[in-house]
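Asks: Please find input_4.pdb (PDB, C-alpha atoms, pLDDT in the B column) on the next line:
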```pdb
ATOM      1  CA  MET A   6     101.907  70.210 122.903  1.00 59.00           C
ATOM      2  CA  ASP A   7     101.556  73.569 124.554  1.00 87.00           C
ATOM      3  CA  SER A   8      98.917  76.214 123.844  1.00 90.00           C
ATOM      4  CA  ALA A   9     101.234  78.476 121.792  1.00 91.00           C
ATOM      5  CA  LEU A  10     101.957  75.643 119.355  1.00 92.00           C
ATOM      6  CA  ARG A  11      98.269  74.666 119.197  1.00 95.00           C
ATOM      7  CA  THR A  12      97.369  78.274 118.420  1.00 96.00           C
ATOM      8  CA  ILE A  13      99.954  78.416 115.634  1.00 95.00           C
ATOM      9  CA  ASP A  14      98.773  75.074 114.214  1.00 95.00           C
ATOM     10  CA  ALA A  15      95.138  76.216 114.268  1.00 97.00           C
ATOM     11  CA  ALA A  16      96.053  79.450 112.487  1.00 97.00           C
ATOM     12  CA  LEU A  17      98.139  77.513 109.979  1.00 97.00           C
ATOM     13  CA  MET A  18      95.270  75.137 109.250  1.00 97.00           C
ATOM     14  CA  ASN A  19      92.904  78.071 108.804  1.00 97.00           C
ATOM     15  CA  VAL A  20      95.275  79.786 106.350  1.00 97.00           C
ATOM     16  CA  GLN A  21      95.718  76.530 104.403  1.00 97.00           C
ATOM     17  CA  GLN A  22      91.940  76.125 104.105  1.00 98.00           C
ATOM     18  CA  LEU A  23      91.591  79.710 102.909  1.00 97.00           C
ATOM     19  CA  LEU A  24      94.377  79.168 100.380  1.00 97.00           C
ATOM     20  CA  GLY A  25      92.599  76.108  99.008  1.00 97.00           C
ATOM     21  CA  SER A  26      89.309  77.951  98.783  1.00 98.00           C
ATOM     22  CA  TYR A  27      90.827  80.985  97.072  1.00 98.00           C
ATOM     23  CA  ASN A  28      92.763  78.804  94.633  1.00 98.00           C
ATOM     24  CA  LEU A  29      89.500  77.108  93.615  1.00 98.00           C
ATOM     25  CA  ARG A  30      87.826  80.510  93.176  1.00 98.00           C
ATOM     26  CA  PHE A  31      90.799  81.644  91.102  1.00 98.00           C
ATOM     27  CA  ILE A  32      90.555  78.617  88.789  1.00 98.00           C
ATOM     28  CA  ASP A  33      86.773  78.996  88.487  1.00 98.00           C
ATOM     29  CA  ASN A  34      86.972  82.711  87.654  1.00 98.00           C
ATOM     30  CA  GLN A  35      89.769  82.158  85.147  1.00 98.00           C
ATOM     31  CA  GLY A  36      87.595  79.573  83.382  1.00 98.00           C
ATOM     32  CA  LYS A  37      84.668  82.001  83.274  1.00 98.00           C
ATOM     33  CA  LEU A  38      86.934  84.775  82.002  1.00 98.00           C
ATOM     34  CA  HIS A  39      88.304  82.523  79.270  1.00 98.00           C
ATOM     35  CA  ARG A  40      84.779  81.567  78.132  1.00 98.00           C
ATOM     36  CA  LEU A  41      83.713  85.231  78.077  1.00 98.00           C
ATOM     37  CA  GLU A  42      86.774  86.238  76.068  1.00 98.00           C
ATOM     38  CA  LYS A  43      86.064  83.444  73.582  1.00 98.00           C
ATOM     39  CA  ALA A  44      82.399  84.490  73.303  1.00 97.00           C
ATOM     40  CA  LEU A  45      83.441  88.109  72.766  1.00 97.00           C
ATOM     41  CA  MET A  46      85.833  87.115  70.002  1.00 97.00           C
ATOM     42  CA  GLU A  47      83.200  84.967  68.264  1.00 95.00           C
ATOM     43  CA  LEU A  48      80.512  87.624  68.573  1.00 93.00           C
ATOM     44  CA  THR A  49      82.860  90.293  67.231  1.00 92.00           C
ATOM     45  CA  GLU A  50      83.726  88.052  64.272  1.00 92.00           C
ATOM     46  CA  THR A  51      80.027  87.458  63.591  1.00 88.00           C
ATOM     47  CA  LYS A  52      79.295  91.177  63.766  1.00 85.00           C
ATOM     48  CA  THR A  53      82.120  91.873  61.337  1.00 84.00           C
ATOM     49  CA  ALA A  54      80.770  89.229  58.946  1.00 83.00           C
ATOM     50  CA  LEU A  55      77.281  90.736  59.152  1.00 78.00           C
ATOM     51  CA  ASP A  56      78.680  94.214  58.555  1.00 75.00           C
ATOM     52  CA  THR A  57      80.376  92.849  55.447  1.00 77.00           C
ATOM     53  CA  MET A  58      77.150  91.191  54.299  1.00 73.00           C
ATOM     54  CA  LYS A  59      75.252  94.445  54.777  1.00 68.00           C
ATOM     55  CA  SER A  60      76.626  95.837  51.537  1.00 64.00           C
ATOM     56  CA  ALA A  61      76.024  92.562  49.690  1.00 62.00           C
ATOM     57  CA  TYR A  62      72.231  92.618  50.028  1.00 58.00           C
ATOM     58  CA  LEU A  63      72.122  96.037  48.338  1.00 57.00           C
ATOM     59  CA  GLN A  64      73.808  94.655  45.208  1.00 60.00           C
ATOM     60  CA  PRO A  65      72.983  94.777  42.407  1.00 58.00           C
ATOM     61  CA  GLU A  66      71.096  98.034  42.266  1.00 59.00           C
ATOM     62  CA  PHE A  67      67.908  97.436  40.286  1.00 54.00           C
ATOM     63  CA  THR A  68      66.742  99.993  37.794  1.00 54.00           C
ATOM     64  CA  SER A  69      63.882 100.033  35.318  1.00 53.00           C
ATOM     65  CA  GLU A  70      66.361  98.779  32.717  1.00 56.00           C
ATOM     66  CA  THR A  71      67.592  95.788  34.741  1.00 54.00           C
ATOM     67  CA  PHE A  72      64.281  94.913  36.358  1.00 57.00           C
ATOM     68  CA  ALA A  73      60.721  95.805  35.375  1.00 55.00           C
ATOM     69  CA  GLY A  74      60.142  99.492  36.362  1.00 58.00           C
ATOM     70  CA  LYS A  75      57.761  99.580  39.332  1.00 59.00           C
ATOM     71  CA  ASN A  76      58.993  96.236  40.622  1.00 58.00           C
ATOM     72  CA  SER A  77      62.564  97.517  40.722  1.00 60.00           C
ATOM     73  CA  ASN A  78      61.476 100.469  42.866  1.00 62.00           C
ATOM     74  CA  GLN A  79      59.554  98.203  45.252  1.00 64.00           C
ATOM     75  CA  LEU A  80      62.461  95.788  45.567  1.00 62.00           C
ATOM     76  CA  ASN A  81      64.961  98.603  46.093  1.00 62.00           C
ATOM     77  CA  ASP A  82      62.675 100.187  48.701  1.00 64.00           C
ATOM     78  CA  PHE A  83      62.365  96.832  50.484  1.00 65.00           C
ATOM     79  CA  ARG A  84      66.133  96.295  50.477  1.00 64.00           C
ATOM     80  CA  HIS A  85      66.985  99.826  51.566  1.00 65.00           C
ATOM     81  CA  ASP A  86      64.246 100.195  54.171  1.00 65.00           C
ATOM     82  CA  THR A  87      63.266  96.801  55.560  1.00 65.00           C
ATOM     83  CA  LEU A  88      66.501  94.874  55.141  1.00 66.00           C
ATOM     84  CA  ALA A  89      68.685  97.839  56.058  1.00 66.00           C
ATOM     85  CA  ASP A  90      66.692  98.402  59.257  1.00 68.00           C
ATOM     86  CA  SER A  91      66.911  94.711  60.139  1.00 69.00           C
ATOM     87  CA  PHE A  92      70.689  94.632  59.658  1.00 68.00           C
ATOM     88  CA  LYS A  93      71.098  97.882  61.551  1.00 68.00           C
ATOM     89  CA  GLN A  94      68.940  96.618  64.432  1.00 71.00           C
ATOM     90  CA  LEU A  95      70.872  93.370  64.584  1.00 71.00           C
ATOM     91  CA  THR A  96      74.425  94.640  64.200  1.00 71.00           C
ATOM     92  CA  GLU A  97      74.317  98.107  65.685  1.00 74.00           C
ATOM     93  CA  THR A  98      71.856  97.593  68.492  1.00 79.00           C
ATOM     94  CA  GLN A  99      71.566  93.986  69.598  1.00 84.00           C
ATOM     95  CA  MET A 100      75.080  92.750  68.908  1.00 86.00           C
ATOM     96  CA  GLU A 101      76.780  95.907  70.160  1.00 88.00           C
ATOM     97  CA  GLN A 102      74.751  95.706  73.373  1.00 91.00           C
ATOM     98  CA  ARG A 103      75.807  92.080  73.888  1.00 93.00           C
ATOM     99  CA  ILE A 104      79.436  92.967  73.157  1.00 94.00           C
ATOM    100  CA  GLU A 105      79.287  95.744  75.771  1.00 95.00           C
ATOM    101  CA  ASP A 106      77.641  93.351  78.272  1.00 97.00           C
ATOM    102  CA  ILE A 107      80.385  90.783  77.752  1.00 97.00           C
ATOM    103  CA  GLN A 108      83.106  93.447  78.032  1.00 98.00           C
ATOM    104  CA  ARG A 109      81.609  94.599  81.353  1.00 98.00           C
ATOM    105  CA  GLN A 110      81.585  91.010  82.641  1.00 98.00           C
ATOM    106  CA  ILE A 111      85.191  90.544  81.531  1.00 98.00           C
ATOM    107  CA  THR A 112      86.196  93.676  83.464  1.00 98.00           C
ATOM    108  CA  ILE A 113      84.374  92.395  86.555  1.00 98.00           C
ATOM    109  CA  TYR A 114      86.098  88.994  86.394  1.00 98.00           C
ATOM    110  CA  GLN A 115      89.497  90.589  85.782  1.00 98.00           C
ATOM    111  CA  GLY A 116      88.978  92.665  88.934  1.00 98.00           C
ATOM    112  CA  GLU A 117      87.883  89.644  90.942  1.00 98.00           C
ATOM    113  CA  ILE A 118      90.856  87.620  89.718  1.00 98.00           C
ATOM    114  CA  SER A 119      93.195  90.445  90.669  1.00 98.00           C
ATOM    115  CA  ASN A 120      91.671  90.597  94.164  1.00 98.00           C
ATOM    116  CA  ILE A 121      91.881  86.821  94.541  1.00 98.00           C
ATOM    117  CA  LYS A 122      95.561  86.858  93.493  1.00 98.00           C
ATOM    118  CA  ALA A 123      96.276  89.529  96.096  1.00 98.00           C
ATOM    119  CA  SER A 124      94.496  87.492  98.765  1.00 98.00           C
ATOM    120  CA  ILE A 125      96.357  84.325  97.792  1.00 98.00           C
ATOM    121  CA  SER A 126      99.663  86.174  97.981  1.00 98.00           C
ATOM    122  CA  SER A 127      98.740  87.494 101.415  1.00 97.00           C
ATOM    123  CA  PHE A 128      97.728  84.022 102.631  1.00 97.00           C
ATOM    124  CA  GLU A 129     100.959  82.526 101.294  1.00 97.00           C
ATOM    125  CA  SER A 130     102.940  85.148 103.236  1.00 97.00           C
ATOM    126  CA  GLN A 131     100.941  84.386 106.380  1.00 97.00           C
ATOM    127  CA  GLN A 132     101.537  80.687 105.847  1.00 97.00           C
ATOM    128  CA  LYS A 133     105.324  81.173 105.573  1.00 97.00           C
ATOM    129  CA  GLU A 134     105.280  83.397 108.626  1.00 97.00           C
ATOM    130  CA  LEU A 135     103.343  80.803 110.628  1.00 97.00           C
ATOM    131  CA  HIS A 136     105.694  77.997 109.541  1.00 96.00           C
ATOM    132  CA  LEU A 137     108.674  80.048 110.729  1.00 97.00           C
ATOM    133  CA  LYS A 138     106.902  80.891 113.981  1.00 95.00           C
ATOM    134  CA  ARG A 139     106.105  77.203 114.484  1.00 94.00           C
ATOM    135  CA  GLU A 140     109.714  76.183 113.849  1.00 94.00           C
ATOM    136  CA  ARG A 141     110.956  78.815 116.333  1.00 94.00           C
ATOM    137  CA  GLU A 142     108.430  77.627 118.914  1.00 90.00           C
ATOM    138  CA  ILE A 143     109.567  74.013 118.504  1.00 90.00           C
ATOM    139  CA  ALA A 144     113.221  75.077 118.672  1.00 90.00           C
ATOM    140  CA  ASN A 145     112.521  77.028 121.882  1.00 87.00           C
ATOM    141  CA  LYS A 146     110.869  73.973 123.451  1.00 84.00           C
ATOM    142  CA  GLU A 147     113.834  71.765 122.576  1.00 83.00           C
ATOM    143  CA  SER A 148     116.417  74.142 124.045  1.00 74.00           C
TER     144      SER A 148
END
```
Spell out the structure here as structure tokens.
Replies:
Amino acid sequence: MDSALRTIDAALMNVQQLLGSYNLRFIDNQGKLHRLEKALMELTETKTALDTMKSAYLQPEFTSETFAGKNSNQLNDFRHDTLADSFKQLTETQMEQRIEDIQRQITIYQGEISNIKASISSFESQQKELHLKREREIANKES
């Protein structure tokens, strides 16, 4: 085998190794993206459920007629101040921050997957080109 064919074969082997590596990265990143999308959906559903529950803890409104005077005021104050702050902290601050974090990660993985796809496409083109070059080289040797 002459040096031109060895060079083509070495380049072909290199491209095939890169293709394998990039395909594994693609599969890995797609799995991570899928898990993030699932987590985002579940977290969004949980936040929606908590938002719905937020109005439930305020019901019924206690008055001095439905609950003993001073106690009704204390209970209403507790529900409106303490519970409302806890729900607000949980749903508006903590959960929204996690949702934004997950959305950022999803964007990052979508970008990486797009770059990997472009690289794979490029390597596949190089591989086809090298196969054709190899076939021409073999045909030239035979003629």
Asks: Excluding A:Ile143 and any residue of its chain fewer than 2 positions from it, enumerate the residues within 12 Å of it, using only C-alpha atoms, and give them as a list in words.
Replies: Met6, Asp7, Ala9, Leu10, Arg11, Ile13, Asp14, His136, Leu137, Lys138, Arg139, Glu140, Arg141, Asn145, Lys146, Glu147 and Ser148 of chain A
Asks: Tell me which of A:Glu50, A:Asn28, A:Asp33, A:Gln110 sits closest to A:Ile125, counting only C-alpha atoms.
Replies: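 Answer, going by the shortest atom-to-atom distance: A:Asn28.
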Asks: Determine, counting all atoms listed in the file, which protein, DNA and RNA residues have an atom within 9 Å of an atom of A:Tyr27; residues of the same chain fewer than 4 positions away are not included. Present the result as a VMD selection string.
Replies: chain A and resid 22 to 23 31 to 32 121 to 122 124 to 125
Asks: How many Å separate atom CA of A:Glu97 from atom CA of A:Leu45?
Replies: 15.3 Å
Asks: By how many Å are atom CA of A:Ile107 and atom CA of A:Ala123 apart?
Replies: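 Those two atoms sit 24.3 Å apart.
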Asks: What gap, in Å, lies between atom CA of A:Glu42 and atom CA of A:Ser127?
Replies: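 Atom CA of A:Ser127 lies at a distance of 28.1 Å from atom CA of A:Glu42.
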Asks: For A:Gly25, which residue among A:Phe128, A:Ala144, A:Glu134, A:Asn120 is the nearest when counting all atoms listed in the file?
Replies: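 Closest residue, counting all atoms listed in the file: A:Phe128.
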Asks: May I have the residues within 12 Å of A:Arg109 as number ranges by chain, using all atoms listed in the file and disregarding those fewer than 5 positions away in the same chain?
Replies: A: 38, 41-42, 45, 102-104, 114-116
